[in-house]
file final_39.cif (mmCIF, C-alpha atoms)
data_upload
#
loop_
_atom_site.label_atom_id
_atom_site.label_comp_id
_atom_site.auth_asym_id
_atom_site.auth_seq_id
_atom_site.Cartn_x
_atom_site.Cartn_y
_atom_site.Cartn_z
CA MET V 17 170.58 60.00 185.59
CA ALA V 18 168.54 56.90 186.15
CA ALA V 19 171.54 54.63 185.72
CA ARG V 20 172.81 54.88 189.29
CA TYR V 21 169.41 54.64 191.01
CA ASP V 22 167.71 51.75 189.27
CA ARG V 23 169.82 48.80 190.40
CA ALA V 24 168.29 47.98 193.75
CA ILE V 25 164.64 48.86 194.11
CA THR V 26 165.09 49.87 197.72
CA VAL V 27 166.83 53.02 196.56
CA PHE V 28 165.01 56.27 195.88
CA SER V 29 166.37 58.48 193.12
CA PRO V 30 167.19 62.11 194.07
CA ASP V 31 163.95 63.33 192.54
CA GLY V 32 161.83 60.84 194.44
CA HIS V 33 161.33 58.04 191.89
CA LEU V 34 161.47 54.30 192.49
CA PHE V 35 162.76 53.38 189.07
CA GLN V 36 162.25 49.62 189.36
CA VAL V 37 158.58 50.16 190.10
CA GLU V 38 158.26 52.46 187.11
CA TYR V 39 160.04 49.93 184.90
CA ALA V 40 157.57 47.32 186.16
CA GLN V 41 154.76 49.60 185.02
CA GLU V 42 156.42 49.70 181.60
CA ALA V 43 156.34 45.90 181.54
CA VAL V 44 152.61 46.10 182.19
CA LYS V 45 152.14 48.45 179.24
CA LYS V 46 153.61 45.74 177.01
CA GLY V 47 151.03 43.17 178.08
CA SER V 48 147.83 42.47 176.17
CA THR V 49 144.84 44.68 176.93
CA ALA V 50 142.31 43.82 179.60
CA VAL V 51 139.08 45.72 180.28
CA GLY V 52 136.69 45.58 183.23
CA ILE V 53 133.12 46.88 183.46
CA ARG V 54 130.97 47.17 186.57
CA GLY V 55 127.29 46.82 185.72
CA LYS V 56 124.25 46.83 187.97
CA ASP V 57 123.81 43.07 188.39
CA ILE V 58 126.84 41.88 186.48
CA VAL V 59 130.59 42.44 186.30
CA VAL V 60 132.46 41.82 183.06
CA LEU V 61 136.11 41.15 182.29
CA GLY V 62 137.44 41.11 178.74
CA VAL V 63 140.97 40.38 177.59
CA GLU V 64 142.76 40.47 174.26
CA LYS V 65 143.82 36.94 173.40
CA LYS V 66 147.27 36.88 171.91
CA SER V 67 147.31 34.78 168.76
CA VAL V 68 148.92 31.42 169.50
CA ALA V 69 151.59 29.73 167.45
CA LYS V 70 150.41 27.16 164.93
CA LEU V 71 151.51 24.13 166.95
CA GLN V 72 150.42 25.51 170.32
CA GLU V 73 147.27 24.28 172.09
CA GLU V 74 144.96 27.21 172.53
CA ARG V 75 143.34 26.57 175.88
CA THR V 76 146.46 26.56 178.01
CA VAL V 77 146.75 30.34 178.12
CA ARG V 78 144.09 31.71 180.45
CA LYS V 79 144.25 35.33 181.43
CA ILE V 80 141.02 35.45 183.43
CA CYS V 81 141.19 33.43 186.65
CA ALA V 82 138.71 32.74 189.42
CA LEU V 83 140.08 33.56 192.86
CA ASP V 84 136.98 32.30 194.67
CA GLU V 85 133.43 31.51 193.65
CA HIS V 86 132.39 35.17 193.71
CA VAL V 87 135.63 36.94 192.73
CA CYS V 88 137.81 36.77 189.66
CA MET V 89 140.65 38.72 188.12
CA ALA V 90 142.33 39.50 184.84
CA PHE V 91 145.87 40.82 184.52
CA ALA V 92 148.22 42.56 182.11
CA GLY V 93 151.97 42.01 182.18
CA LEU V 94 154.25 39.11 183.09
CA THR V 95 152.20 35.90 183.06
CA ALA V 96 154.60 34.06 185.38
CA ASP V 97 154.37 36.81 188.01
CA ALA V 98 150.58 36.69 187.74
CA ARG V 99 150.56 32.96 188.48
CA ILE V 100 152.28 33.56 191.81
CA VAL V 101 149.97 36.41 192.80
CA ILE V 102 146.86 34.44 191.81
CA ASN V 103 147.98 31.42 193.81
CA ARG V 104 148.59 33.50 196.93
CA ALA V 105 145.22 35.21 196.49
CA ARG V 106 143.41 31.86 196.14
CA VAL V 107 144.98 30.55 199.33
CA GLU V 108 144.04 33.77 201.13
CA CYS V 109 140.43 33.48 199.96
CA GLN V 110 140.11 30.03 201.54
CA SER V 111 142.10 31.05 204.61
CA HIS V 112 139.70 33.95 205.15
CA ARG V 113 136.71 31.58 204.87
CA LEU V 114 138.35 29.25 207.40
CA THR V 115 139.11 31.88 210.02
CA VAL V 116 136.06 34.16 209.81
CA GLU V 117 133.47 31.85 208.20
CA ASP V 118 132.71 34.48 205.55
CA PRO V 119 133.76 34.85 201.92
CA VAL V 120 136.22 37.69 201.23
CA THR V 121 134.93 41.05 200.08
CA VAL V 122 136.37 42.21 196.77
CA GLU V 123 138.07 45.10 198.57
CA TYR V 124 139.71 42.76 201.10
CA ILE V 125 141.30 40.51 198.52
CA THR V 126 142.36 43.54 196.45
CA ARG V 127 143.99 45.03 199.53
CA TYR V 128 145.73 41.71 200.18
CA ILE V 129 147.11 41.57 196.64
CA ALA V 130 148.14 45.23 196.77
CA THR V 131 149.88 44.73 200.12
CA LEU V 132 151.72 41.74 198.67
CA LYS V 133 152.86 43.83 195.70
CA GLN V 134 153.99 46.71 197.92
CA ARG V 135 156.04 44.36 200.07
CA TYR V 136 158.01 43.42 196.99
CA THR V 137 158.79 47.09 196.30
CA GLN V 138 160.44 47.43 199.69
CA SER V 139 162.33 44.15 200.00
CA ASN V 140 165.97 43.43 199.61
CA GLY V 141 166.95 41.35 196.62
CA ARG V 142 163.47 41.11 195.10
CA ARG V 143 161.93 42.89 192.16
CA PRO V 144 158.33 44.14 191.97
CA PHE V 145 155.62 42.02 190.32
CA GLY V 146 155.28 43.07 186.69
CA ILE V 147 151.50 42.95 186.56
CA SER V 148 148.48 45.15 186.95
CA ALA V 149 145.29 43.38 187.93
CA LEU V 150 141.58 44.04 187.42
CA ILE V 151 139.66 42.36 190.23
CA VAL V 152 135.88 42.01 189.95
CA GLY V 153 133.18 40.35 191.95
CA PHE V 154 130.19 40.72 194.23
CA ASP V 155 130.36 41.32 197.96
CA TYR V 156 128.26 39.33 200.39
CA ASP V 157 125.59 42.05 200.38
CA GLY V 158 125.27 41.85 196.60
CA THR V 159 127.16 45.02 195.65
CA PRO V 160 129.20 44.66 192.44
CA ARG V 161 132.82 45.85 192.62
CA LEU V 162 135.73 46.51 190.26
CA TYR V 163 139.23 47.29 191.55
CA GLN V 164 142.53 47.87 189.81
CA THR V 165 146.01 47.28 191.29
CA ASP V 166 149.39 48.15 189.82
CA PRO V 167 153.00 47.10 190.50
CA SER V 168 153.52 49.84 193.09
CA GLY V 169 150.87 48.31 195.32
CA THR V 170 148.23 51.03 195.00
CA TYR V 171 144.64 50.08 194.38
CA HIS V 172 141.52 52.01 193.44
CA ALA V 173 137.87 51.24 192.82
CA TRP V 174 136.59 51.93 189.32
CA LYS V 175 133.30 51.92 187.45
CA SER V 176 135.20 50.65 184.46
CA ASN V 177 138.87 50.55 183.51
CA ALA V 178 141.45 49.10 181.15
CA ILE V 179 145.07 47.95 181.59
CA GLY V 180 147.86 46.84 179.31
CA ARG V 181 148.69 47.82 175.77
CA SER V 182 146.58 50.73 174.45
CA ALA V 183 144.90 51.07 177.85
CA LYS V 184 144.74 54.83 177.34
CA THR V 185 142.73 54.48 174.11
CA VAL V 186 140.32 52.04 175.70
CA ARG V 187 139.93 54.17 178.81
CA GLU V 188 139.12 57.22 176.68
CA PHE V 189 136.50 55.16 174.82
CA LEU V 190 135.01 54.08 178.13
CA GLU V 191 134.99 57.63 179.51
CA LYS V 192 132.92 58.65 176.50
CA ASN V 193 130.62 55.62 176.41
CA TYR V 194 130.14 54.40 179.98
CA THR V 195 126.78 55.85 180.95
CA GLU V 196 124.01 54.58 183.19
CA GLU V 197 121.95 53.63 180.14
CA ALA V 198 124.90 51.99 178.41
CA ILE V 199 125.08 49.42 181.21
CA ALA V 200 121.34 49.24 181.87
CA THR V 201 121.09 45.50 181.20
CA ASP V 202 123.57 42.64 181.60
CA ASN V 203 123.80 42.25 177.85
CA ASP V 204 124.54 45.94 177.39
CA ALA V 205 127.43 45.74 179.87
CA ILE V 206 128.89 42.74 178.02
CA LYS V 207 128.53 44.52 174.67
CA LEU V 208 130.22 47.64 176.05
CA ALA V 209 133.21 45.51 177.11
CA ILE V 210 133.42 43.98 173.63
CA LYS V 211 133.06 47.37 171.96
CA ALA V 212 135.87 48.73 174.11
CA LEU V 213 138.17 45.85 173.20
CA LEU V 214 137.30 46.03 169.50
CA GLU V 215 138.83 49.52 169.50
CA VAL V 216 142.29 48.03 169.94
CA VAL V 217 142.08 44.34 169.06
CA GLN V 218 143.10 43.51 165.53
CA SER V 219 140.93 40.77 164.13
CA GLY V 220 137.68 41.03 166.05
CA GLY V 221 135.82 38.35 168.04
CA LYS V 222 138.38 35.58 167.60
CA ASN V 223 140.95 37.44 169.67
CA ILE V 224 138.66 38.31 172.58
CA GLU V 225 138.16 36.28 175.74
CA LEU V 226 135.27 37.33 177.95
CA ALA V 227 134.14 36.34 181.42
CA VAL V 228 131.16 37.47 183.51
CA ILE V 229 130.01 37.09 187.08
CA ARG V 230 126.34 37.61 187.82
CA ARG V 231 125.11 38.16 191.36
CA SER V 232 125.05 34.85 193.32
CA GLN V 233 126.34 32.93 190.33
CA PRO V 234 129.83 31.53 189.69
CA LEU V 235 132.24 32.84 187.07
CA LYS V 236 131.19 32.09 183.50
CA ILE V 237 133.64 32.24 180.60
CA LEU V 238 131.80 32.96 177.37
CA GLU V 239 132.29 30.56 174.46
CA SER V 240 133.69 31.91 171.25
CA LYS V 241 130.34 31.30 169.56
CA GLU V 242 128.59 33.60 172.02
CA ILE V 243 131.23 36.28 171.49
CA GLU V 244 130.89 35.98 167.71
CA THR V 245 127.12 36.47 168.02
CA LEU V 246 127.58 39.56 170.15
CA VAL V 247 130.25 40.98 167.81
CA ALA V 248 127.85 40.47 164.89
CA GLU V 249 125.14 42.33 166.84
CA ILE V 250 127.52 45.20 167.54
CA GLU V 251 128.56 45.41 163.88
CA LYS V 252 124.89 45.52 162.86
CA GLU V 253 124.17 48.29 165.37
CA LYS V 254 127.15 50.27 164.06
CA GLU V 255 125.87 49.95 160.50
CA GLU V 256 122.39 51.08 161.54
CA GLU V 257 123.92 54.08 163.31
CA ALA V 258 125.94 54.94 160.21
CA GLU V 259 122.82 54.62 158.04
CA LYS V 260 120.85 56.95 160.31
CA LYS V 261 123.62 59.51 160.20
CA LYS V 262 123.73 59.33 156.40
CA GLN V 263 120.00 59.88 156.18
CA LYS V 264 120.20 62.81 158.58
CA LYS V 265 122.87 64.38 156.46
CA ALA V 266 120.85 63.81 153.29
CA THR V 267 117.76 65.62 154.62
CA MET Q 5 127.99 8.42 222.45
CA GLU Q 6 128.17 9.78 218.91
CA TYR Q 7 127.09 7.63 216.00
CA LEU Q 8 127.87 7.70 212.26
CA ILE Q 9 126.71 5.26 209.60
CA GLY Q 10 127.17 4.95 205.86
CA ILE Q 11 125.65 2.53 203.34
CA GLN Q 12 126.83 2.38 199.72
CA GLY Q 13 124.48 1.29 196.94
CA PRO Q 14 125.11 0.67 193.22
CA ASP Q 15 124.73 4.36 192.31
CA PHE Q 16 124.37 6.22 195.63
CA VAL Q 17 125.67 6.49 199.20
CA LEU Q 18 123.33 6.92 202.16
CA VAL Q 19 124.78 8.48 205.30
CA ALA Q 20 123.35 9.34 208.69
CA ALA Q 21 124.68 10.89 211.89
CA ASP Q 22 123.11 11.54 215.28
CA THR Q 23 122.41 15.19 216.08
CA VAL Q 24 123.37 15.44 219.75
CA ALA Q 25 126.17 17.73 220.87
CA ALA Q 26 127.05 16.86 224.46
CA SER Q 27 129.36 18.26 227.09
CA SER Q 28 130.04 15.65 229.78
CA ILE Q 29 126.55 14.50 230.89
CA ILE Q 30 124.62 17.49 229.49
CA GLN Q 31 123.10 17.67 226.00
CA MET Q 32 124.08 21.13 224.72
CA LYS Q 33 122.38 20.91 221.32
CA HIS Q 34 119.81 18.47 219.95
CA ASP Q 35 120.10 19.55 216.30
CA TYR Q 36 123.87 19.59 215.69
CA ASP Q 37 125.02 18.74 212.14
CA LYS Q 38 128.07 16.46 212.05
CA MET Q 39 128.33 16.37 208.27
CA PHE Q 40 130.70 18.70 206.39
CA LYS Q 41 130.22 19.37 202.70
CA LEU Q 42 133.65 19.06 201.06
CA SER Q 43 132.35 19.59 197.53
CA GLU Q 44 129.21 19.20 195.46
CA LYS Q 45 129.31 15.39 195.78
CA ILE Q 46 131.45 14.64 198.81
CA LEU Q 47 130.43 14.64 202.48
CA LEU Q 48 132.74 14.24 205.46
CA LEU Q 49 131.10 12.91 208.64
CA CYS Q 50 133.23 13.72 211.67
CA VAL Q 51 133.02 12.76 215.36
CA GLY Q 52 135.52 12.66 218.22
CA GLU Q 53 137.29 15.10 220.51
CA ALA Q 54 135.39 18.36 220.97
CA GLY Q 55 137.01 21.10 218.90
CA ASP Q 56 139.26 18.71 216.99
CA THR Q 57 136.28 17.64 214.89
CA VAL Q 58 135.36 21.08 213.53
CA GLN Q 59 138.98 22.26 213.27
CA PHE Q 60 140.10 19.27 211.24
CA ALA Q 61 136.97 18.96 209.12
CA GLU Q 62 136.91 22.68 208.18
CA TYR Q 63 140.64 22.56 207.36
CA ILE Q 64 140.04 19.65 204.97
CA GLN Q 65 136.95 21.38 203.58
CA LYS Q 66 138.83 24.59 202.71
CA ASN Q 67 141.76 22.71 201.20
CA VAL Q 68 139.42 20.73 198.96
CA GLN Q 69 137.88 24.04 197.84
CA LEU Q 70 141.36 25.50 197.22
CA TYR Q 71 142.12 22.55 194.94
CA LYS Q 72 138.97 23.37 192.99
CA MET Q 73 139.98 27.04 192.61
CA ARG Q 74 143.54 26.19 191.55
CA ASN Q 75 142.71 23.43 189.08
CA GLY Q 76 139.24 24.25 187.83
CA TYR Q 77 137.76 20.88 188.81
CA GLU Q 78 136.92 19.11 192.07
CA LEU Q 79 138.91 16.40 193.83
CA SER Q 80 137.49 12.90 193.41
CA PRO Q 81 136.24 11.13 196.56
CA ALA Q 82 139.22 8.73 196.45
CA ALA Q 83 141.68 11.61 196.20
CA ALA Q 84 139.91 13.56 198.95
CA ALA Q 85 139.92 10.49 201.21
CA ASN Q 86 143.62 9.89 200.69
CA PHE Q 87 144.38 13.57 201.21
CA THR Q 88 142.42 13.47 204.48
CA ARG Q 89 144.20 10.32 205.60
CA LYS Q 90 147.62 11.79 204.87
CA ASN Q 91 146.82 14.92 206.87
CA LEU Q 92 145.53 12.86 209.79
CA ALA Q 93 148.62 10.62 209.66
CA ASP Q 94 151.00 13.60 209.61
CA TYR Q 95 149.29 15.23 212.59
CA LEU Q 96 149.22 11.90 214.44
CA ARG Q 97 153.01 11.87 214.31
CA SER Q 98 153.31 15.38 215.68
CA ARG Q 99 152.86 16.88 219.11
CA THR Q 100 149.29 17.87 218.22
CA PRO Q 101 147.34 14.85 216.95
CA TYR Q 102 143.65 15.13 216.03
CA HIS Q 103 141.38 12.64 217.80
CA VAL Q 104 138.64 12.30 215.16
CA ASN Q 105 136.76 9.41 213.56
CA LEU Q 106 135.53 9.97 210.04
CA LEU Q 107 133.33 8.64 207.29
CA LEU Q 108 133.88 10.13 203.84
CA ALA Q 109 131.09 9.53 201.33
CA GLY Q 110 131.11 10.67 197.74
CA TYR Q 111 130.07 10.13 194.16
CA ASP Q 112 132.56 10.14 191.31
CA GLU Q 113 131.51 10.57 187.67
CA HIS Q 114 133.75 7.74 186.50
CA ASP Q 115 134.03 5.39 189.47
CA GLY Q 116 130.56 5.78 190.94
CA PRO Q 117 129.71 5.92 194.65
CA ALA Q 118 132.33 5.42 197.37
CA LEU Q 119 132.37 5.18 201.17
CA TYR Q 120 135.60 5.47 203.13
CA TYR Q 121 136.08 4.62 206.81
CA MET Q 122 138.85 6.49 208.69
CA ASP Q 123 139.68 6.43 212.36
CA TYR Q 124 141.83 8.52 214.70
CA LEU Q 125 144.86 6.32 214.04
CA SER Q 126 144.57 7.32 210.40
CA SER Q 127 143.56 3.97 209.00
CA LEU Q 128 141.68 4.15 205.72
CA ALA Q 129 139.33 1.51 204.35
CA LYS Q 130 136.92 1.60 201.43
CA ALA Q 131 133.83 -0.30 202.52
CA PRO Q 132 130.29 -1.01 201.32
CA PHE Q 133 128.94 -0.03 204.76
CA ALA Q 134 130.53 1.34 207.91
CA ALA Q 135 129.73 2.88 211.28
CA HIS Q 136 131.48 4.75 214.10
CA GLY Q 137 130.70 4.94 217.80
CA TYR Q 138 129.36 2.51 220.41
CA GLY Q 139 126.32 2.12 218.18
CA ALA Q 140 128.56 0.46 215.59
CA PHE Q 141 128.94 -2.60 217.85
CA LEU Q 142 125.18 -3.07 217.71
CA THR Q 143 124.49 -2.22 214.08
CA LEU Q 144 127.35 -3.73 212.08
CA SER Q 145 125.82 -7.15 212.59
CA ILE Q 146 122.46 -5.86 211.33
CA LEU Q 147 124.24 -4.53 208.23
CA ASP Q 148 126.09 -7.82 207.77
CA ARG Q 149 122.80 -9.73 207.87
CA TYR Q 150 120.64 -7.56 205.62
CA TYR Q 151 123.00 -5.64 203.27
CA LYS Q 152 122.99 -6.50 199.55
CA PRO Q 153 125.37 -4.75 197.12
CA GLU Q 154 122.55 -3.94 194.69
CA LEU Q 155 120.14 -2.54 197.24
CA THR Q 156 117.83 0.26 196.12
CA ARG Q 157 117.51 3.67 197.75
CA GLU Q 158 114.30 2.60 199.52
CA GLU Q 159 115.90 -0.63 200.76
CA ALA Q 160 118.88 1.35 202.06
CA VAL Q 161 116.60 3.69 204.03
CA GLU Q 162 114.75 0.62 205.43
CA LEU Q 163 118.08 -0.90 206.44
CA LEU Q 164 119.03 2.37 208.12
CA LYS Q 165 115.71 2.36 209.99
CA LYS Q 166 116.43 -1.23 211.14
CA CYS Q 167 119.73 0.00 212.57
CA VAL Q 168 118.10 2.94 214.34
CA ASP Q 169 115.43 0.62 215.76
CA GLU Q 170 118.16 -1.68 217.12
CA LEU Q 171 119.86 1.29 218.78
CA ASN Q 172 116.57 2.40 220.32
CA LYS Q 173 116.02 -1.15 221.58
CA ARG Q 174 119.45 -2.20 222.90
CA PHE Q 175 121.66 0.89 223.31
CA ILE Q 176 121.54 2.29 226.84
CA LEU Q 177 122.05 5.86 225.66
CA ASN Q 178 119.21 7.75 224.02
CA LEU Q 179 119.99 9.00 220.50
CA PRO Q 180 116.78 10.85 219.76
CA ALA Q 181 117.39 12.12 216.21
CA PHE Q 182 119.51 11.50 213.12
CA ASN Q 183 120.39 13.62 210.09
CA VAL Q 184 120.09 11.57 206.90
CA ARG Q 185 121.61 12.51 203.52
CA LEU Q 186 121.91 10.79 200.15
CA ILE Q 187 124.70 11.38 197.61
CA ASP Q 188 124.28 10.37 193.97
CA LYS Q 189 125.11 11.70 190.53
CA HIS Q 190 122.79 14.67 191.12
CA GLY Q 191 124.60 15.76 194.28
CA ILE Q 192 123.78 15.82 197.96
CA LYS Q 193 120.16 15.54 199.05
CA ASP Q 194 118.67 15.92 202.53
CA LEU Q 195 116.32 13.08 203.42
CA GLU Q 196 113.73 12.91 206.15
CA LYS Q 197 115.21 12.96 209.66
CA LEU Q 198 115.02 9.74 211.68
CA PRO Q 199 113.32 8.40 213.70
CA LEU Q 200 109.94 9.13 212.13
CA ALA Q 201 106.93 9.68 214.36
CA THR Q 202 105.48 6.38 213.13
CA THR Q 203 108.60 4.21 213.37
CA SER Q 204 107.80 0.68 214.48
CA THR Q 205 108.82 0.00 218.06
CA SER Q 206 110.21 -3.29 219.39
#

call {"tool": "encode", "arguments": {"input": "final_39.cif", "output": "structure tokens"}}
result
Amino acid sequence: MAARYDRAITVFSPDGHLFQVEYAQEAVKKGSTAVGIRGKDIVVLGVEKKSVAKLQEERTVRKICALDEHVCMAFAGLTADARIVINRARVECQSHRLTVEDPVTVEYITRYIATLKQRYTQSNGRRPFGISALIVGFDYDGTPRLYQTDPSGTYHAWKSNAIGRSAKTVREFLEKNYTEEAIATDNDAIKLAIKALLEVVQSGGKNIELAVIRRSQPLKILESKEIETLVAEIEKEKEEEAEKKKQKKAT
Amino acid sequence: MEYLIGIQGPDFVLVAADTVAASSIIQMKHDYDKMFKLSEKILLLCVGEAGDTVQFAEYIQKNVQLYKMRNGYELSPAAAANFTRKNLADYLRSRTPYHVNLLLAGYDEHDGPALYYMDYLSSLAKAPFAAHGYGAFLTLSILDRYYKPELTREEAVELLKKCVDELNKRFILNLPAFNVRLIDKHGIKDLEKLPLATTSTS
């Protein structure tokens, strides 16, 4: 059925699907997991770092990128496609500052990226971008924001979300564990992001890359030492929880 | 009418610009800032055709910021100066040239302080001191006489005051106030505006 309607993306299938866009979403599901958390005074992005080959230099693969001083994004899917989108977004951020003398709002730049993606689902001879993006940052008035875009060009605001491989598992974890008290402090929000990633990442802290933006501060990428410390804290908390449960059962 | 001056020391650059924005014979603004912050340690001082100045300077400013976003580190003063010169040269050879005179002052981690003189014909010169405007005719000789390459921050400010005094004495136009800034390894710092209430008169 799909065979005749998935060549050119400008063609709808009889039952209303754009197959190329859906195939792009499949490409996203193959990418490594990324999670985003919107806290009160902080926004957190965490990504699963794919293990690099023995001879490869580690630092050349960055999945969390600053778009401007107050906005950054992580993506899941085709890295090369992401590079193009990120470059266009960076130029737009500066262009916006030049024309209206104000930094972009997170919603504006998300809308720009989503519009760009949609254009590629309706163009002749082009294929959609194979990435979903999590865009976080603070608006000029200090409100924290988290948005998600996908290859079809739709975007939504989220309190917290995950994309990429095992996104469903991570999202279910977040639905259970994202509460007002879970993100009460900056540290709690960061730990929640790590906990969410640990659900699906194989070997713990070494394969996690984490970045945070605090209000009025530039993007900060956490060092692996800091992540190790936080992972250790989380493990300790888990053990204490398990101990408490055991004692409860014993009584 | 407009005046820019820059003095480079062993580990700093001192720059000053007058703060008058005029339209024909009327002073529109007495506190207009002619310095544009390109990055944490680079200032672009820009005078010339009304409108061209802000348009060109803001364009350079945003492109320098874009470089920082794309590459994760800031352009060096030398690179920024050459980028500016190339842009000016390209526009000069188009139907829409920019009539602006510039001083670019910056501090580089590895190469230290730098001052670049650029004019509307897109010439570029790295110099220990430089000035733009009619005032330059009067003050370059003062700088020639009293400048030393190893001058201290205080000596540089004194030299700047000497130049301002000369302008007050011999320049027919009144330049009542100047913005003064210092760039060194710690970044850009605002200094006290000139002239001071107790500046010595001729």

call {"tool": "closest_atom_pairs", "arguments": {"input": "final_39.cif", "of": "chain Q", "to": "chain V", "cutoff": "8 Å", "atoms": "only C-alpha atoms", "output": "tab-separated table"}}
result
residue	atom	partner	partner_atom	distance
Q:Glu62	CA	V:Leu114	CA	6.8
Q:Tyr63	CA	V:Leu114	CA	7.1
Q:Lys66	CA	V:Gln110	CA	5.7
Q:Asn67	CA	V:Gln110	CA	7.5
Q:Gln69	CA	V:Gln110	CA	7.4
Q:Leu70	CA	V:Gln110	CA	6.4
Q:Met73	CA	V:Asp84	CA	6.4
Q:Arg74	CA	V:Asn103	CA	7.2

call {"tool": "residues_around", "arguments": {"input": "final_39.cif", "residues": "segment 176-179 of chain Q", "least_positions_apart": "3", "cutoff": "9 Å", "atoms": "only C-alpha atoms", "output": "VMD selection string"}}
result
chain Q and resid 5 to 7 22 to 24 168 171 to 173 182

call {"tool": "resolve_selection", "arguments": {"input": "final_39.cif", "expression": "the PyMOL selection byres ((chain V and resi 248) around 12)", "output": "list in words"}}
result
Lys207, Ile210, Lys211, Leu214, Gly220, Gly221, Lys222, Lys241, Glu242, Ile243, Glu244, Thr245, Leu246, Val247, Glu249, Ile250, Glu251, Lys252, Glu253, Lys254 and Glu255 of chain V

call {"tool": "residues_around", "arguments": {"input": "final_39.cif", "residues": "Gly47 of chain V", "least_positions_apart": "3", "cutoff": "8 Å", "atoms": "all atoms listed in the file", "output": "number ranges by chain"}}
result
V: 43-44, 92-94, 180-181

call {"tool": "closest_residue", "arguments": {"input": "final_39.cif", "among": "V:Gln233, V:Thr165, V:Ser139, V:Gln263", "to": "His86 of chain V", "atoms": "only C-alpha atoms"}}
result
V:Gln233

call {"tool": "residues_around", "arguments": {"input": "final_39.cif", "residues": "Ser168 of chain V", "least_positions_apart": "5", "cutoff": "12 Å", "atoms": "all atoms listed in the file", "output": "number ranges by chain"}}
result
V: 25, 33-42, 44, 129-138, 143-149

call {"tool": "resolve_selection", "arguments": {"input": "final_39.cif", "expression": "the PyMOL selection byres ((chain Q and resi 102-109) around 9)", "output": "ChimeraX atom specification"}}
result
/Q:8-10,12,17-19,45-54,56-57,59-60,81,84-85,92,95-96,100-101,110-111,117-126,134-137,187

call {"tool": "closest_residue", "arguments": {"input": "final_39.cif", "among": "V:Ile151, V:Arg142, V:Asp166, V:Thr159", "to": "Ala105 of chain V", "atoms": "all atoms listed in the file"}}
result
V:Ile151

call {"tool": "atom_distance", "arguments": {"input": "final_39.cif", "atom1": "atom CA of Pro199 of chain Q", "atom2": "atom CA of Gly13 of chain Q"}}
result
21.4 Å

call {"tool": "resolve_selection", "arguments": {"input": "final_39.cif", "expression": "the PyMOL selection byres ((chain V and resi 184) around 12)", "output": "list in words"}}
result
Lys45, Thr49, Ala50, Val51, Asn177, Ala178, Ile179, Gly180, Arg181, Ser182, Ala183, Thr185, Val186, Arg187, Glu188, Phe189, Leu190, Glu191, Ala212, Leu213, Glu215 and Val216 of chain V

call {"tool": "write_last_selection", "arguments": {"input": "final_39.cif", "atoms": "C-alpha atoms", "output": "short mmCIF file (atom, residue, chain, number, x, y, z; two decimals), keeping the file's coordinate frame"}}
result
data_model
loop_
_atom_site.label_atom_id
_atom_site.label_comp_id
_atom_site.auth_asym_id
_atom_site.auth_seq_id
_atom_site.Cartn_x
_atom_site.Cartn_y
_atom_site.Cartn_z
CA LYS V 45 152.14 48.45 179.24
CA THR V 49 144.84 44.68 176.93
CA ALA V 50 142.31 43.82 179.60
CA VAL V 51 139.08 45.72 180.28
CA ASN V 177 138.87 50.55 183.51
CA ALA V 178 141.45 49.10 181.15
CA ILE V 179 145.07 47.95 181.59
CA GLY V 180 147.86 46.84 179.31
CA ARG V 181 148.69 47.82 175.77
CA SER V 182 146.58 50.73 174.45
CA ALA V 183 144.90 51.07 177.85
CA THR V 185 142.73 54.48 174.11
CA VAL V 186 140.32 52.04 175.70
CA ARG V 187 139.93 54.17 178.81
CA GLU V 188 139.12 57.22 176.68
CA PHE V 189 136.50 55.16 174.82
CA LEU V 190 135.01 54.08 178.13
CA GLU V 191 134.99 57.63 179.51
CA ALA V 212 135.87 48.73 174.11
CA LEU V 213 138.17 45.85 173.20
CA GLU V 215 138.83 49.52 169.50
CA VAL V 216 142.29 48.03 169.94
#

call {"tool": "atom_distance", "arguments": {"input": "final_39.cif", "atom1": "atom CA of Gly52 of chain V", "atom2": "atom CA of Glu74 of chain V"}}
result
22.8 Å

call {"tool": "atom_distance", "arguments": {"input": "final_39.cif", "atom1": "atom CA of Ile64 of chain Q", "atom2": "atom CA of Lys38 of chain Q"}}
result
14.3 Å

call {"tool": "axis_aligned_box", "arguments": {"input": "final_39.cif", "around": "segment 58-67 of chain Q", "padding_each_side": "6 Å", "output": "JSON"}}
result
{"center_x": 138.6, "center_y": 21.8, "center_z": 207.4, "size_x": 18.4, "size_y": 17.6, "size_z": 24.3}

call {"tool": "residues_around", "arguments": {"input": "final_39.cif", "residues": "Thr143 of chain Q", "least_positions_apart": "2", "cutoff": "10 Å", "atoms": "only C-alpha atoms", "output": "mmCIF file with C-alpha atoms, keeping the file's coordinate frame"}}
result
data_model
loop_
_atom_site.group_PDB
_atom_site.id
_atom_site.type_symbol
_atom_site.label_atom_id
_atom_site.label_comp_id
_atom_site.auth_asym_id
_atom_site.auth_seq_id
_atom_site.Cartn_x
_atom_site.Cartn_y
_atom_site.Cartn_z
ATOM 1 C CA ILE Q 9 126.710 5.260 209.600
ATOM 2 C CA ALA Q 134 130.530 1.340 207.910
ATOM 3 C CA ALA Q 135 129.730 2.880 211.280
ATOM 4 C CA HIS Q 136 131.480 4.750 214.100
ATOM 5 C CA TYR Q 138 129.360 2.510 220.410
ATOM 6 C CA GLY Q 139 126.320 2.120 218.180
ATOM 7 C CA ALA Q 140 128.560 0.460 215.590
ATOM 8 C CA PHE Q 141 128.940 -2.600 217.850
ATOM 9 C CA SER Q 145 125.820 -7.150 212.590
ATOM 10 C CA ILE Q 146 122.460 -5.860 211.330
ATOM 11 C CA LEU Q 147 124.240 -4.530 208.230
ATOM 12 C CA ASP Q 148 126.090 -7.820 207.770
ATOM 13 C CA ARG Q 149 122.800 -9.730 207.870
ATOM 14 C CA LEU Q 164 119.030 2.370 208.120
ATOM 15 C CA LYS Q 166 116.430 -1.230 211.140
ATOM 16 C CA CYS Q 167 119.730 0.000 212.570
ATOM 17 C CA VAL Q 168 118.100 2.940 214.340
ATOM 18 C CA ASP Q 169 115.430 0.620 215.760
ATOM 19 C CA GLU Q 170 118.160 -1.680 217.120
ATOM 20 C CA LEU Q 171 119.860 1.290 218.780
#
